[in-house]
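Trainee: Structure below; questions to follow.
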Amino acid sequence: MIAIVDYGVGNLRSVANAITKLGYQPRITNRQNEVLNAQAVILPGVGAAADTMESLNRLGLVGPIGQLIADNRPFFGVCIGLQVLFSDTEEGGGHECLGIIPGRVRRLPSELKVPHMGWNQVKQRLAHPIFAGIPDEANFYFVHSYYAEPADKSLVAGETEYGIPICSVIAQGNLVATQFHPEKSGELGLRMYDNFIKLALEAKVNHK
Amino acid sequence: MLTKRIIPCLDVKDGRVVKGTSFIQLRDAGDPVELAAFYYQQGADELVFLDISATPEGRDTMVDVVGRVSKEVFMPLTVGGGLRTTSDMRRMLKAGADKISINTAAVLTPKLIQEGAKKIGSQCIVVAIDAKRLEDNKKPRWEVYTHSGQEPTGIDALTWAKQAAALGAGELLLTSIDADGHWAGYDIELTLAVSEAVTVPVIASGGAGTLEDLYQAIVVGKADAVLAASIFHFGTYSIRETKEYLAEKGIPIRI
């Protein structure tokens, strides 16, 4: 089962449509046991990091998400779903996040238009199956005002230039997260989800 | 590098695309789902739907249209027209829209921008501004019009653009009433003035007749995106040739 985490905000429908288009039947859920037992979990995101954290806390999903990632179970965080993996964010005067990846989420520099909105290139910094069939420097759709800065730069699997280099993809084992929206990034975005699901289905053998 | 966006705009009334198109490739050029899929395949960067239905039933139909489009088309969708409350906005987002464009409602109730930004996020709130040039000054000035460009408001367009951005608009969709429908180019001065007055992205709209017009709006007007309707709908230019033209002239474009 592919679970899309429903925490009240976020563009669930678009993510679900993308997964459905690929021929899978995603389950939109906020139940701890469904999230924990899914073969693949997608944490979509639109909106504010603080609201997302509050919802995840309220739904009791902070523990399960941490556990999934600690067990190297297939997990895909999108946009805010990437940002909340970090230690904390400057957004909304500063908020603690999940603390799974050491590092901060910071406001984009003000010399450029904020939000960073539109299609921008992703430079592939690490080889990872998530990039299968996706050319280096392909364009993906971004819309965000904050960006994640991992303490360990070697975690950056994809990087995007917007005045400064932005960490646009994290890919480590079965943990994937993107600052852009694959569900809004045309055929290559769909391919990235497909790569992730294939990765997840292969990872099934290790799933207790 | 962030690319400049090319955005076709579809006017939809009671679930049908109006200002008919002449694509012979399409089975039904009045079907918004088919037309959206066509632009998606051509490589449009985003789509704007403007609902010009005058009835609640027409609006309900729009929700259904957005739902069907978002199953086939995986690019950003902006929907505007007749959305007056945050619950209207939510309903459209839930159906599959990514951004909501508000115009008259925002002018009448600027707080709506703030509320929308707070409840659903700045990045979802596009404030559409219809501006008309005032001729009484040496320095160019523009007045904001509401109700589909029918009602003058006495509000200065630059002042309103800054206020809308400060209230939390994530983007501005700027239409020149003077240029709209004349295919003689965007109002470049207006585009530049607004683009330089705000720090959010600006979509230039109204007046595109040639590909050079799009180029001018981006390079001289400093627009982040260009919107056009008839040049695409009538097949004067395809999305692909538009993008190739701009890319060849050195504009960062997603091909």
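Letters for chains follow the order of the structure tokens (A, B, ...), residue numbers begin at 1 for each chain, and ligand numbers begin at 1 in the order shown.
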Pull out every residue of chain A sitting within 7 Å of chain B, counting only C-alpha atoms, and send them as a PyMOL selection string.

Mentor: chain A and resi 13-14+17+47-48+113-115+118-121+139+143+161-162+183-186

Trainee: Need the shell around Leu172 (chain B): protein/DNA/RNA residues with any atom at most 6 Å away, counting only C-alpha atoms. Skip same-chain ones fewer than 2 positions apart. Format as a PyMOL selection string?

Mentor: chain B and resi 126-128+174+202

Trainee: Convert the current residue selection to file output with C-alpha atoms, as a PDB file, in the first residue's frame.

Mentor:
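Wrote it out as selection_28.pdb, contents follow:
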```pdb
ATOM      1  CA  VAL B 126      -2.599  35.209  -6.888  1.00  0.00           C
ATOM      2  CA  VAL B 127      -3.967  38.728  -6.926  1.00  0.00           C
ATOM      3  CA  ALA B 128      -5.182  39.670 -10.397  1.00  0.00           C
ATOM      4  CA  LEU B 174      -1.287  42.000 -14.154  1.00  0.00           C
ATOM      5  CA  VAL B 202       4.534  39.193 -11.794  1.00  0.00           C
TER       6      VAL B 202
END
```

Trainee: Using CA of Ala106 (chain B) and CA of Gly168 (chain B) as the two end points, give the distance in Å to one decimal.

Mentor: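 Taking CA of Ala106 (chain B) as the start and CA of Gly168 (chain B) as the end point, the length is 11.4 Å.
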
Trainee: Do you know which residues are at most 8 Å from Ala197 (chain B) counting only C-alpha atoms, after dropping those on the same chain fewer than 3 positions away, and could you put them as a ChimeraX atom specification?

Mentor: /B:158,161-162,193-194

Trainee: How many Å separate CA of Cys9 (chain B) from CA of Arg84 (chain B)?

Mentor: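 Between CA of Cys9 (chain B) and CA of Arg84 (chain B) the gap works out to 20.4 Å.
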
Trainee: I need the residue nearest Gln42 (chain B) from this list: A:Leu199, A:Ala127, A:Gly173, A:Glu187. Use only C-alpha atoms for the distance.

Mentor: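 Smallest distance to Gln42 (chain B) is found for A:Glu187.
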
Trainee: Please provide as number ranges by chain all residues within 8 Å of region 47-56 of chain B, with the sequence filter that same-chain residues fewer than 2 positions apart are discarded (counting only C-alpha atoms).

Mentor: B: 7-14, 36, 44-45, 58-60, 62, 75-82

Trainee: Apply DSSP to the structure's backbone, then extract all residues of region 2-246 of chain B labelled helix (DSSP H, G or I) and return them as a ChimeraX atom specification.

Mentor: /B:32-42,56-72,86-95,104-108,111-120,122-124,157-167,188-197,211-219,230-233,239-246

Trainee: To one decimal in Å, tell me the separation between CA of Thr236 (chain B) and CA of Phe38 (chain B).

Mentor: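 About the pair CA of Thr236 (chain B) and CA of Phe38 (chain B): they are 15.2 Å apart.
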
Trainee: Near Ile231 (chain B), within 9 Å and counting only C-alpha atoms, which residues show up once chain neighbours fewer than 2 positions away are dropped, as a VMD selection string?

Mentor: chain B and resid 183 208 to 210 228 to 229 233 to 238

Trainee: Would you mind exporting N, CA and C atoms of the selected residues as a PDB file, in the first residue's frame?

Mentor:
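What landed in out-v2.pdb:
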```
ATOM      1  N   TRP B 183      -3.737  42.710 -29.540  1.00  0.00           N
ATOM      2  CA  TRP B 183      -2.600  42.005 -30.183  1.00  0.00           C
ATOM      3  C   TRP B 183      -1.476  42.947 -30.612  1.00  0.00           C
ATOM      4  N   ALA B 208      -0.757  40.358 -26.054  1.00  0.00           N
ATOM      5  CA  ALA B 208       0.200  39.574 -26.828  1.00  0.00           C
ATOM      6  C   ALA B 208      -0.307  39.354 -28.247  1.00  0.00           C
ATOM      7  N   GLY B 209       0.493  39.749 -29.214  1.00  0.00           N
ATOM      8  CA  GLY B 209       0.125  39.537 -30.614  1.00  0.00           C
ATOM      9  C   GLY B 209       1.209  38.783 -31.360  1.00  0.00           C
ATOM     10  N   THR B 210       2.455  39.050 -30.978  1.00  0.00           N
ATOM     11  CA  THR B 210       3.590  38.369 -31.622  1.00  0.00           C
ATOM     12  C   THR B 210       4.512  37.820 -30.545  1.00  0.00           C
ATOM     13  N   ALA B 228      -0.991  34.488 -22.235  1.00  0.00           N
ATOM     14  CA  ALA B 228      -1.653  34.858 -23.487  1.00  0.00           C
ATOM     15  C   ALA B 228      -2.812  33.912 -23.717  1.00  0.00           C
ATOM     16  N   ALA B 229      -3.783  34.384 -24.464  1.00  0.00           N
ATOM     17  CA  ALA B 229      -4.937  33.544 -24.756  1.00  0.00           C
ATOM     18  C   ALA B 229      -5.041  33.321 -26.255  1.00  0.00           C
ATOM     19  N   HIS B 233      -4.722  30.044 -28.587  1.00  0.00           N
ATOM     20  CA  HIS B 233      -5.979  29.361 -28.921  1.00  0.00           C
ATOM     21  C   HIS B 233      -6.234  29.336 -30.423  1.00  0.00           C
ATOM     22  N   PHE B 234      -5.879  30.435 -31.099  1.00  0.00           N
ATOM     23  CA  PHE B 234      -6.130  30.481 -32.540  1.00  0.00           C
ATOM     24  C   PHE B 234      -5.022  29.788 -33.321  1.00  0.00           C
ATOM     25  N   GLY B 235      -4.031  29.304 -32.595  1.00  0.00           N
ATOM     26  CA  GLY B 235      -2.976  28.562 -33.269  1.00  0.00           C
ATOM     27  C   GLY B 235      -1.997  29.449 -34.026  1.00  0.00           C
ATOM     28  N   THR B 236      -2.025  30.768 -33.721  1.00  0.00           N
ATOM     29  CA  THR B 236      -1.072  31.670 -34.371  1.00  0.00           C
ATOM     30  C   THR B 236       0.355  31.185 -34.079  1.00  0.00           C
ATOM     31  N   TYR B 237       0.583  30.850 -32.811  1.00  0.00           N
ATOM     32  CA  TYR B 237       1.862  30.265 -32.402  1.00  0.00           C
ATOM     33  C   TYR B 237       1.580  29.077 -31.504  1.00  0.00           C
ATOM     34  N   SER B 238       2.392  28.043 -31.661  1.00  0.00           N
ATOM     35  CA  SER B 238       2.267  26.934 -30.721  1.00  0.00           C
ATOM     36  C   SER B 238       3.136  27.255 -29.511  1.00  0.00           C
TER      37      SER B 238
END
```

Trainee: Report as a PyMOL selection string all protein, DNA and RNA residues lying within 12 Å of Gly133 (chain A), evaluated on only C-alpha atoms, omitting residues in the same chain fewer than 3 positions from it.

Mentor: chain A and resi 127-130+136+138+187-195

Trainee: Next, the residues of the selection above should be written as a short mmCIF file (atom, residue, chain, number, x, y, z; two decimals), in the first residue's frame with N, CA and C atoms.

Mentor:
```
data_model
loop_
_atom_site.label_atom_id
_atom_site.label_comp_id
_atom_site.auth_asym_id
_atom_site.auth_seq_id
_atom_site.Cartn_x
_atom_site.Cartn_y
_atom_site.Cartn_z
N ALA A 127 24.52 9.89 -7.38
CA ALA A 127 23.82 8.89 -8.18
C ALA A 127 22.81 8.21 -7.26
N HIS A 128 21.58 8.11 -7.71
CA HIS A 128 20.55 7.48 -6.90
C HIS A 128 19.45 7.01 -7.84
N PRO A 129 18.84 5.85 -7.56
CA PRO A 129 17.80 5.34 -8.48
C PRO A 129 16.62 6.29 -8.68
N ILE A 130 16.46 7.27 -7.80
CA ILE A 130 15.36 8.22 -7.97
C ILE A 130 15.53 9.03 -9.27
N ASP A 136 20.23 14.97 -16.30
CA ASP A 136 20.82 15.95 -15.40
C ASP A 136 20.33 17.34 -15.84
N ALA A 138 17.44 18.64 -15.53
CA ALA A 138 16.05 18.70 -15.98
C ALA A 138 15.30 19.71 -15.11
N GLU A 187 5.96 15.14 -17.04
CA GLU A 187 6.28 13.71 -17.19
C GLU A 187 7.50 13.31 -16.36
N LEU A 188 8.47 14.21 -16.22
CA LEU A 188 9.66 13.84 -15.44
C LEU A 188 9.35 13.77 -13.95
N GLY A 189 8.40 14.59 -13.53
CA GLY A 189 7.95 14.52 -12.14
C GLY A 189 7.27 13.18 -11.87
N LEU A 190 6.42 12.77 -12.81
CA LEU A 190 5.75 11.48 -12.68
C LEU A 190 6.80 10.36 -12.64
N ARG A 191 7.82 10.50 -13.49
CA ARG A 191 8.86 9.48 -13.51
C ARG A 191 9.57 9.37 -12.16
N MET A 192 9.77 10.51 -11.53
CA MET A 192 10.44 10.48 -10.22
C MET A 192 9.60 9.72 -9.19
N TYR A 193 8.29 9.95 -9.20
CA TYR A 193 7.42 9.18 -8.30
C TYR A 193 7.46 7.69 -8.66
N ASP A 194 7.47 7.42 -9.95
CA ASP A 194 7.51 6.03 -10.39
C ASP A 194 8.81 5.37 -9.92
N ASN A 195 9.91 6.09 -10.05
CA ASN A 195 11.21 5.57 -9.57
C ASN A 195 11.13 5.25 -8.08
#
```

Trainee: Can you list, as a ChimeraX atom specification, every residue of region 65-124 of chain B that DSSP puts in strand (DSSP E)?

Mentor: /B:77-80,99-102

Trainee: Just the residues within 9 Å of region 52-54 of chain A, please, counting only C-alpha atoms, with nothing from its chain fewer than 2 positions along; format it as an MDAnalysis selection string.

Mentor: chainID A and resid 7:10 45:50 56:59 62 80:81 84 95:98

Trainee: Which residue, A:Lys21, A:Glu34, A:Gln39, A:Leu61, has the smallest gap to Phe196 (chain A) when you use only C-alpha atoms?

Mentor: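 Of all the options, A:Gln39 lies closest to Phe196 (chain A).
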